[in-house]
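Raw input.pdb, PDB, N, CA and C atoms, pLDDT in the B column:
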ATOM      1  N   MET A   1     -11.962  63.601  67.183  1.00 89.00           N
ATOM      2  CA  MET A   1     -10.586  63.969  66.868  1.00 89.00           C
ATOM      3  C   MET A   1      -9.682  62.733  66.851  1.00 89.00           C
ATOM      4  N   THR A   2      -9.866  61.842  67.803  1.00 93.00           N
ATOM      5  CA  THR A   2      -9.000  60.659  67.888  1.00 93.00           C
ATOM      6  C   THR A   2      -9.019  59.857  66.595  1.00 93.00           C
ATOM      7  N   GLU A   3     -10.226  59.585  66.071  1.00 94.00           N
ATOM      8  CA  GLU A   3     -10.330  58.799  64.842  1.00 94.00           C
ATOM      9  C   GLU A   3      -9.688  59.512  63.661  1.00 94.00           C
ATOM     10  N   HIS A   4      -9.839  60.837  63.609  1.00 94.00           N
ATOM     11  CA  HIS A   4      -9.239  61.612  62.515  1.00 94.00           C
ATOM     12  C   HIS A   4      -7.715  61.527  62.570  1.00 94.00           C
ATOM     13  N   VAL A   5      -7.162  61.673  63.747  1.00 96.00           N
ATOM     14  CA  VAL A   5      -5.702  61.633  63.889  1.00 96.00           C
ATOM     15  C   VAL A   5      -5.182  60.230  63.578  1.00 96.00           C
ATOM     16  N   GLN A   6      -5.887  59.201  64.033  1.00 97.00           N
ATOM     17  CA  GLN A   6      -5.482  57.835  63.719  1.00 97.00           C
ATOM     18  C   GLN A   6      -5.467  57.615  62.203  1.00 97.00           C
ATOM     19  N   ALA A   7      -6.491  58.108  61.518  1.00 96.00           N
ATOM     20  CA  ALA A   7      -6.561  57.966  60.056  1.00 96.00           C
ATOM     21  C   ALA A   7      -5.440  58.742  59.382  1.00 96.00           C
ATOM     22  N   ILE A   8      -5.159  59.947  59.866  1.00 96.00           N
ATOM     23  CA  ILE A   8      -4.075  60.758  59.294  1.00 96.00           C
ATOM     24  C   ILE A   8      -2.747  60.024  59.422  1.00 96.00           C
ATOM     25  N   ILE A   9      -2.479  59.470  60.584  1.00 97.00           N
ATOM     26  CA  ILE A   9      -1.212  58.769  60.804  1.00 97.00           C
ATOM     27  C   ILE A   9      -1.146  57.493  59.969  1.00 97.00           C
ATOM     28  N   ARG A  10      -2.239  56.734  59.919  1.00 97.00           N
ATOM     29  CA  ARG A  10      -2.283  55.511  59.095  1.00 97.00           C
ATOM     30  C   ARG A  10      -2.030  55.830  57.625  1.00 97.00           C
ATOM     31  N   ASN A  11      -2.716  56.838  57.111  1.00 97.00           N
ATOM     32  CA  ASN A  11      -2.561  57.219  55.702  1.00 97.00           C
ATOM     33  C   ASN A  11      -1.157  57.740  55.416  1.00 97.00           C
ATOM     34  N   THR A  12      -0.637  58.543  56.327  1.00 97.00           N
ATOM     35  CA  THR A  12       0.716  59.075  56.144  1.00 97.00           C
ATOM     36  C   THR A  12       1.743  57.960  56.163  1.00 97.00           C
ATOM     37  N   GLU A  13       1.577  57.011  57.069  1.00 96.00           N
ATOM     38  CA  GLU A  13       2.508  55.889  57.133  1.00 96.00           C
ATOM     39  C   GLU A  13       2.484  55.099  55.827  1.00 96.00           C
ATOM     40  N   ALA A  14       1.311  54.865  55.269  1.00 97.00           N
ATOM     41  CA  ALA A  14       1.202  54.134  53.998  1.00 97.00           C
ATOM     42  C   ALA A  14       1.897  54.886  52.869  1.00 97.00           C
ATOM     43  N   ILE A  15       1.709  56.191  52.814  1.00 95.00           N
ATOM     44  CA  ILE A  15       2.355  57.012  51.781  1.00 95.00           C
ATOM     45  C   ILE A  15       3.871  56.979  51.935  1.00 95.00           C
ATOM     46  N   LEU A  16       4.341  57.120  53.160  1.00 93.00           N
ATOM     47  CA  LEU A  16       5.779  57.106  53.408  1.00 93.00           C
ATOM     48  C   LEU A  16       6.397  55.761  53.046  1.00 93.00           C
ATOM     49  N   LEU A  17       5.737  54.662  53.414  1.00 92.00           N
ATOM     50  CA  LEU A  17       6.251  53.335  53.074  1.00 92.00           C
ATOM     51  C   LEU A  17       6.335  53.160  51.562  1.00 92.00           C
ATOM     52  N   GLU A  18       5.342  53.630  50.854  1.00 91.00           N
ATOM     53  CA  GLU A  18       5.340  53.551  49.381  1.00 91.00           C
ATOM     54  C   GLU A  18       6.507  54.344  48.791  1.00 91.00           C
ATOM     55  N   ALA A  19       6.881  55.426  49.462  1.00 88.00           N
ATOM     56  CA  ALA A  19       7.969  56.286  48.975  1.00 88.00           C
ATOM     57  C   ALA A  19       9.344  55.837  49.467  1.00 88.00           C
ATOM     58  N   GLY A  20       9.388  54.723  50.197  1.00 86.00           N
ATOM     59  CA  GLY A  20      10.673  54.236  50.684  1.00 86.00           C
ATOM     60  C   GLY A  20      11.105  54.876  51.986  1.00 86.00           C
ATOM     61  N   SER A  21      10.154  55.374  52.756  1.00 90.00           N
ATOM     62  CA  SER A  21      10.462  56.005  54.034  1.00 90.00           C
ATOM     63  C   SER A  21       9.544  55.399  55.102  1.00 90.00           C
ATOM     64  N   SER A  22       9.449  56.052  56.246  1.00 93.00           N
ATOM     65  CA  SER A  22       8.597  55.563  57.331  1.00 93.00           C
ATOM     66  C   SER A  22       8.344  56.701  58.315  1.00 93.00           C
ATOM     67  N   LEU A  23       7.466  56.447  59.252  1.00 96.00           N
ATOM     68  CA  LEU A  23       7.199  57.459  60.288  1.00 96.00           C
ATOM     69  C   LEU A  23       8.461  57.785  61.078  1.00 96.00           C
ATOM     70  N   GLU A  24       9.360  56.822  61.205  1.00 95.00           N
ATOM     71  CA  GLU A  24      10.614  57.053  61.936  1.00 95.00           C
ATOM     72  C   GLU A  24      11.494  58.095  61.259  1.00 95.00           C
ATOM     73  N   ASN A  25      11.235  58.342  59.963  1.00 95.00           N
ATOM     74  CA  ASN A  25      12.040  59.306  59.212  1.00 95.00           C
ATOM     75  C   ASN A  25      11.381  60.679  59.096  1.00 95.00           C
ATOM     76  N   VAL A  26      10.280  60.878  59.804  1.00 97.00           N
ATOM     77  CA  VAL A  26       9.633  62.196  59.817  1.00 97.00           C
ATOM     78  C   VAL A  26      10.524  63.145  60.612  1.00 97.00           C
ATOM     79  N   VAL A  27      10.815  64.308  60.027  1.00 97.00           N
ATOM     80  CA  VAL A  27      11.693  65.282  60.676  1.00 97.00           C
ATOM     81  C   VAL A  27      10.963  66.566  61.072  1.00 97.00           C
ATOM     82  N   LYS A  28       9.782  66.819  60.484  1.00 98.00           N
ATOM     83  CA  LYS A  28       9.044  68.059  60.780  1.00 98.00           C
ATOM     84  C   LYS A  28       7.564  67.812  60.559  1.00 98.00           C
ATOM     85  N   VAL A  29       6.746  68.327  61.458  1.00 98.00           N
ATOM     86  CA  VAL A  29       5.295  68.203  61.372  1.00 98.00           C
ATOM     87  C   VAL A  29       4.684  69.571  61.654  1.00 98.00           C
ATOM     88  N   VAL A  30       3.698  69.949  60.837  1.00 98.00           N
ATOM     89  CA  VAL A  30       2.934  71.168  61.079  1.00 98.00           C
ATOM     90  C   VAL A  30       1.471  70.756  61.216  1.00 98.00           C
ATOM     91  N   VAL A  31       0.871  71.128  62.339  1.00 97.00           N
ATOM     92  CA  VAL A  31      -0.518  70.779  62.636  1.00 97.00           C
ATOM     93  C   VAL A  31      -1.358  72.044  62.544  1.00 97.00           C
ATOM     94  N   TYR A  32      -2.414  71.992  61.739  1.00 97.00           N
ATOM     95  CA  TYR A  32      -3.367  73.093  61.610  1.00 97.00           C
ATOM     96  C   TYR A  32      -4.671  72.625  62.232  1.00 97.00           C
ATOM     97  N   MET A  33      -5.168  73.350  63.242  1.00 97.00           N
ATOM     98  CA  MET A  33      -6.394  72.964  63.937  1.00 97.00           C
ATOM     99  C   MET A  33      -7.348  74.137  64.028  1.00 97.00           C
ATOM    100  N   LYS A  34      -8.622  73.831  63.923  1.00 96.00           N
ATOM    101  CA  LYS A  34      -9.617  74.880  64.103  1.00 96.00           C
ATOM    102  C   LYS A  34      -9.767  75.252  65.568  1.00 96.00           C
ATOM    103  N   ASP A  35      -9.457  74.323  66.483  1.00 95.00           N
ATOM    104  CA  ASP A  35      -9.574  74.592  67.911  1.00 95.00           C
ATOM    105  C   ASP A  35      -8.356  74.020  68.628  1.00 95.00           C
ATOM    106  N   ALA A  36      -7.500  74.893  69.117  1.00 95.00           N
ATOM    107  CA  ALA A  36      -6.264  74.475  69.779  1.00 95.00           C
ATOM    108  C   ALA A  36      -6.536  73.679  71.059  1.00 95.00           C
ATOM    109  N   LYS A  37      -7.730  73.762  71.591  1.00 95.00           N
ATOM    110  CA  LYS A  37      -8.071  72.994  72.793  1.00 95.00           C
ATOM    111  C   LYS A  37      -8.049  71.488  72.527  1.00 95.00           C
ATOM    112  N   ALA A  38      -8.080  71.090  71.263  1.00 95.00           N
ATOM    113  CA  ALA A  38      -8.045  69.671  70.904  1.00 95.00           C
ATOM    114  C   ALA A  38      -6.619  69.120  70.872  1.00 95.00           C
ATOM    115  N   MET A  39      -5.624  69.958  71.140  1.00 95.00           N
ATOM    116  CA  MET A  39      -4.225  69.516  71.057  1.00 95.00           C
ATOM    117  C   MET A  39      -3.919  68.341  71.990  1.00 95.00           C
ATOM    118  N   PRO A  40      -4.398  68.304  73.229  1.00 96.00           N
ATOM    119  CA  PRO A  40      -4.109  67.137  74.070  1.00 96.00           C
ATOM    120  C   PRO A  40      -4.660  65.828  73.482  1.00 96.00           C
ATOM    121  N   GLU A  41      -5.839  65.878  72.884  1.00 96.00           N
ATOM    122  CA  GLU A  41      -6.409  64.689  72.248  1.00 96.00           C
ATOM    123  C   GLU A  41      -5.566  64.285  71.037  1.00 96.00           C
ATOM    124  N   PHE A  42      -5.109  65.269  70.269  1.00 96.00           N
ATOM    125  CA  PHE A  42      -4.210  65.007  69.145  1.00 96.00           C
ATOM    126  C   PHE A  42      -2.932  64.344  69.648  1.00 96.00           C
ATOM    127  N   ALA A  43      -2.331  64.919  70.677  1.00 96.00           N
ATOM    128  CA  ALA A  43      -1.059  64.425  71.200  1.00 96.00           C
ATOM    129  C   ALA A  43      -1.176  63.010  71.748  1.00 96.00           C
ATOM    130  N   ALA A  44      -2.324  62.644  72.283  1.00 97.00           N
ATOM    131  CA  ALA A  44      -2.520  61.299  72.828  1.00 97.00           C
ATOM    132  C   ALA A  44      -2.370  60.227  71.753  1.00 97.00           C
ATOM    133  N   VAL A  45      -2.683  60.544  70.509  1.00 96.00           N
ATOM    134  CA  VAL A  45      -2.528  59.609  69.398  1.00 96.00           C
ATOM    135  C   VAL A  45      -1.167  59.816  68.719  1.00 96.00           C
ATOM    136  N   TYR A  46      -0.791  61.061  68.525  1.00 97.00           N
ATOM    137  CA  TYR A  46       0.422  61.412  67.782  1.00 97.00           C
ATOM    138  C   TYR A  46       1.695  60.989  68.526  1.00 97.00           C
ATOM    139  N   ASP A  47       1.794  61.304  69.812  1.00 96.00           N
ATOM    140  CA  ASP A  47       3.035  61.069  70.557  1.00 96.00           C
ATOM    141  C   ASP A  47       3.494  59.602  70.532  1.00 96.00           C
ATOM    142  N   PRO A  48       2.602  58.621  70.749  1.00 97.00           N
ATOM    143  CA  PRO A  48       3.063  57.229  70.666  1.00 97.00           C
ATOM    144  C   PRO A  48       3.458  56.806  69.238  1.00 97.00           C
ATOM    145  N   ALA A  49       2.854  57.421  68.234  1.00 96.00           N
ATOM    146  CA  ALA A  49       3.156  57.062  66.841  1.00 96.00           C
ATOM    147  C   ALA A  49       4.490  57.636  66.379  1.00 96.00           C
ATOM    148  N   LEU A  50       4.923  58.739  66.979  1.00 96.00           N
ATOM    149  CA  LEU A  50       6.189  59.379  66.613  1.00 96.00           C
ATOM    150  C   LEU A  50       7.021  59.639  67.874  1.00 96.00           C
ATOM    151  N   PRO A  51       7.472  58.570  68.529  1.00 95.00           N
ATOM    152  CA  PRO A  51       8.187  58.729  69.802  1.00 95.00           C
ATOM    153  C   PRO A  51       9.536  59.417  69.685  1.00 95.00           C
ATOM    154  N   HIS A  52      10.080  59.523  68.459  1.00 95.00           N
ATOM    155  CA  HIS A  52      11.377  60.187  68.282  1.00 95.00           C
ATOM    156  C   HIS A  52      11.231  61.712  68.311  1.00 95.00           C
ATOM    157  N   LYS A  53      10.019  62.206  68.416  1.00 96.00           N
ATOM    158  CA  LYS A  53       9.713  63.628  68.594  1.00 96.00           C
ATOM    159  C   LYS A  53      10.323  64.547  67.525  1.00 96.00           C
ATOM    160  N   PRO A  54       9.841  64.424  66.280  1.00 97.00           N
ATOM    161  CA  PRO A  54      10.321  65.364  65.257  1.00 97.00           C
ATOM    162  C   PRO A  54       9.874  66.784  65.598  1.00 97.00           C
ATOM    163  N   ALA A  55      10.519  67.769  64.999  1.00 97.00           N
ATOM    164  CA  ALA A  55      10.119  69.159  65.209  1.00 97.00           C
ATOM    165  C   ALA A  55       8.636  69.287  64.870  1.00 97.00           C
ATOM    166  N   ARG A  56       7.895  70.045  65.695  1.00 97.00           N
ATOM    167  CA  ARG A  56       6.455  70.158  65.476  1.00 97.00           C
ATOM    168  C   ARG A  56       5.996  71.579  65.759  1.00 97.00           C
ATOM    169  N   SER A  57       5.141  72.071  64.873  1.00 97.00           N
ATOM    170  CA  SER A  57       4.488  73.371  65.063  1.00 97.00           C
ATOM    171  C   SER A  57       2.991  73.143  65.033  1.00 97.00           C
ATOM    172  N   MET A  58       2.253  73.952  65.772  1.00 96.00           N
ATOM    173  CA  MET A  58       0.806  73.881  65.757  1.00 96.00           C
ATOM    174  C   MET A  58       0.265  75.282  65.524  1.00 96.00           C
ATOM    175  N   VAL A  59      -0.705  75.383  64.614  1.00 96.00           N
ATOM    176  CA  VAL A  59      -1.307  76.665  64.286  1.00 96.00           C
ATOM    177  C   VAL A  59      -2.817  76.533  64.406  1.00 96.00           C
ATOM    178  N   GLU A  60      -3.431  77.429  65.146  1.00 96.00           N
ATOM    179  CA  GLU A  60      -4.895  77.457  65.208  1.00 96.00           C
ATOM    180  C   GLU A  60      -5.383  78.330  64.059  1.00 96.00           C
ATOM    181  N   VAL A  61      -6.317  77.792  63.279  1.00 96.00           N
ATOM    182  CA  VAL A  61      -6.824  78.492  62.103  1.00 96.00           C
ATOM    183  C   VAL A  61      -8.345  78.590  62.190  1.00 96.00           C
ATOM    184  N   SER A  62      -8.908  79.550  61.476  1.00 93.00           N
ATOM    185  CA  SER A  62     -10.359  79.725  61.522  1.00 93.00           C
ATOM    186  C   SER A  62     -11.084  78.857  60.505  1.00 93.00           C
ATOM    187  N   HIS A  63     -10.372  78.426  59.454  1.00 93.00           N
ATOM    188  CA  HIS A  63     -11.019  77.645  58.410  1.00 93.00           C
ATOM    189  C   HIS A  63      -9.997  76.737  57.735  1.00 93.00           C
ATOM    190  N   LEU A  64     -10.431  75.507  57.424  1.00 92.00           N
ATOM    191  CA  LEU A  64      -9.600  74.569  56.671  1.00 92.00           C
ATOM    192  C   LEU A  64     -10.392  74.077  55.465  1.00 92.00           C
ATOM    193  N   PRO A  65      -9.711  73.644  54.417  1.00 90.00           N
ATOM    194  CA  PRO A  65     -10.405  73.161  53.217  1.00 90.00           C
ATOM    195  C   PRO A  65     -11.331  71.983  53.537  1.00 90.00           C
ATOM    196  N   ALA A  66     -12.394  71.874  52.779  1.00 89.00           N
ATOM    197  CA  ALA A  66     -13.348  70.762  52.858  1.00 89.00           C
ATOM    198  C   ALA A  66     -14.029  70.651  54.219  1.00 89.00           C
ATOM    199  N   GLY A  67     -13.982  71.715  55.004  1.00 87.00           N
ATOM    200  CA  GLY A  67     -14.680  71.713  56.286  1.00 87.00           C
ATOM    201  C   GLY A  67     -14.080  70.823  57.358  1.00 87.00           C
ATOM    202  N   VAL A  68     -12.824  70.405  57.198  1.00 92.00           N
ATOM    203  CA  VAL A  68     -12.189  69.548  58.199  1.00 92.00           C
ATOM    204  C   VAL A  68     -11.764  70.375  59.408  1.00 92.00           C
ATOM    205  N   ASP A  69     -11.544  69.689  60.529  1.00 94.00           N
ATOM    206  CA  ASP A  69     -11.126  70.360  61.758  1.00 94.00           C
ATOM    207  C   ASP A  69      -9.622  70.332  61.968  1.00 94.00           C
ATOM    208  N   ILE A  70      -8.938  69.467  61.210  1.00 96.00           N
ATOM    209  CA  ILE A  70      -7.496  69.313  61.389  1.00 96.00           C
ATOM    210  C   ILE A  70      -6.839  68.959  60.059  1.00 96.00           C
ATOM    211  N   GLN A  71      -5.653  69.488  59.866  1.00 96.00           N
ATOM    212  CA  GLN A  71      -4.802  69.131  58.725  1.00 96.00           C
ATOM    213  C   GLN A  71      -3.391  69.018  59.278  1.00 96.00           C
ATOM    214  N   VAL A  72      -2.661  67.999  58.833  1.00 97.00           N
ATOM    215  CA  VAL A  72      -1.307  67.784  59.331  1.00 97.00           C
ATOM    216  C   VAL A  72      -0.372  67.604  58.142  1.00 97.00           C
ATOM    217  N   ASP A  73       0.708  68.366  58.124  1.00 96.00           N
ATOM    218  CA  ASP A  73       1.739  68.243  57.099  1.00 96.00           C
ATOM    219  C   ASP A  73       2.946  67.540  57.712  1.00 96.00           C
ATOM    220  N   PHE A  74       3.413  66.495  57.036  1.00 96.00           N
ATOM    221  CA  PHE A  74       4.593  65.745  57.484  1.00 96.00           C
ATOM    222  C   PHE A  74       5.719  65.943  56.474  1.00 96.00           C
ATOM    223  N   ILE A  75       6.922  66.139  56.971  1.00 95.00           N
ATOM    224  CA  ILE A  75       8.109  66.160  56.123  1.00 95.00           C
ATOM    225  C   ILE A  75       9.001  65.026  56.620  1.00 95.00           C
ATOM    226  N   ALA A  76       9.377  64.140  55.685  1.00 94.00           N
ATOM    227  CA  ALA A  76      10.210  62.992  56.044  1.00 94.00           C
ATOM    228  C   ALA A  76      11.330  62.847  55.030  1.00 94.00           C
ATOM    229  N   VAL A  77      12.375  62.183  55.461  1.00 90.00           N
ATOM    230  CA  VAL A  77      13.479  61.855  54.560  1.00 90.00           C
ATOM    231  C   VAL A  77      13.295  60.427  54.058  1.00 90.00           C
ATOM    232  N   THR A  78      13.847  60.143  52.911  1.00 79.00           N
ATOM    233  CA  THR A  78      13.758  58.777  52.390  1.00 79.00           C
ATOM    234  C   THR A  78      14.988  57.997  52.818  1.00 79.00           C
ATOM    235  N   THR A  79      14.855  56.704  52.747  1.00 64.00           N
ATOM    236  CA  THR A  79      15.989  55.842  53.065  1.00 64.00           C
ATOM    237  C   THR A  79      16.617  55.293  51.794  1.00 64.00           C
ATOM    238  N   SER A  80      16.162  55.820  50.648  1.00 61.00           N
ATOM    239  CA  SER A  80      16.717  55.385  49.359  1.00 61.00           C
ATOM    240  C   SER A  80      18.150  55.878  49.224  1.00 61.00           C
ATOM    241  N   PRO A  81      19.001  55.091  48.568  1.00 60.00           N
ATOM    242  CA  PRO A  81      20.377  55.551  48.361  1.00 60.00           C
ATOM    243  C   PRO A  81      20.401  56.805  47.492  1.00 60.00           C
ATOM    244  N   SER A  82      21.331  57.684  47.766  1.00 55.00           N
ATOM    245  CA  SER A  82      21.433  58.910  46.969  1.00 55.00           C
ATOM    246  C   SER A  82      21.994  58.589  45.591  1.00 55.00           C
ATOM    247  N   LEU A  83      21.612  59.416  44.645  1.00 47.00           N
ATOM    248  CA  LEU A  83      22.057  59.199  43.258  1.00 47.00           C
ATOM    249  C   LEU A  83      23.308  59.984  42.977  1.00 47.00           C
TER     250      LEU A  83
END

Write out the structure in this file as structure tokens.
Amino acid sequence: MTEHVQAIIRNTEAILLEAGSSLENVVKVVVYMKDAKAMPEFAAVYDPALPHKPARSMVEVSHLPAGVDIQVDFIAVTTSPSL
């Protein structure tokens, strides 16, 4: 789980930077897990990466696409000037 969460955060950070945002601008996170017992392991990686504590929901699910054990949705704001 640790390696998966690290990869999710690394990939998300790269996507956000490309879009003109950052992890600091994440305002909402939804975590989908096949086993909610893994939440402490998830939090051990997630909490230091997002210390500003955006709103977060966690849902235990029976199945995720591609056979993965975790999926995380991030919503962030951009720092680009408004048009």

Selection result for the PyMOL selection byres ((chain A and resi 55-67) around 5) on this file, as a PyMOL selection string
chain A and resi 27-34+53-54+68-69

Based on DSSP run over this structure's backbone, return all residues of chain A in helix (DSSP H, G or I), as number ranges by chain.
A: 2-18, 23-25, 36-49, 65-67

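With distances taken over all atoms listed in the file, A:Val77 is the one residue among A:Glu13, A:Val77, A:Ala44, A:Ala38 lying closest to A:Asn25.
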
Determine which residues of chain A DSSP labels as strand (DSSP E) from the backbone of this structure, then write them out as number ranges by chain.
A: 26-33, 55-60, 70-76

I'd like the contact shell of A:Leu17 - 12 Å cut-off, only C-alpha atoms, skipping same-chain residues fewer than 4 positions apart - returned as a count of residues only.
15

Between atom CA of A:Leu16 and atom N of A:Thr2 lies a distance of 21.8 Å

Mind giving me the straight-line distance from atom CA of A:Asp73 to atom CA of A:Gln6 in Å, one decimal?
14.3 Å
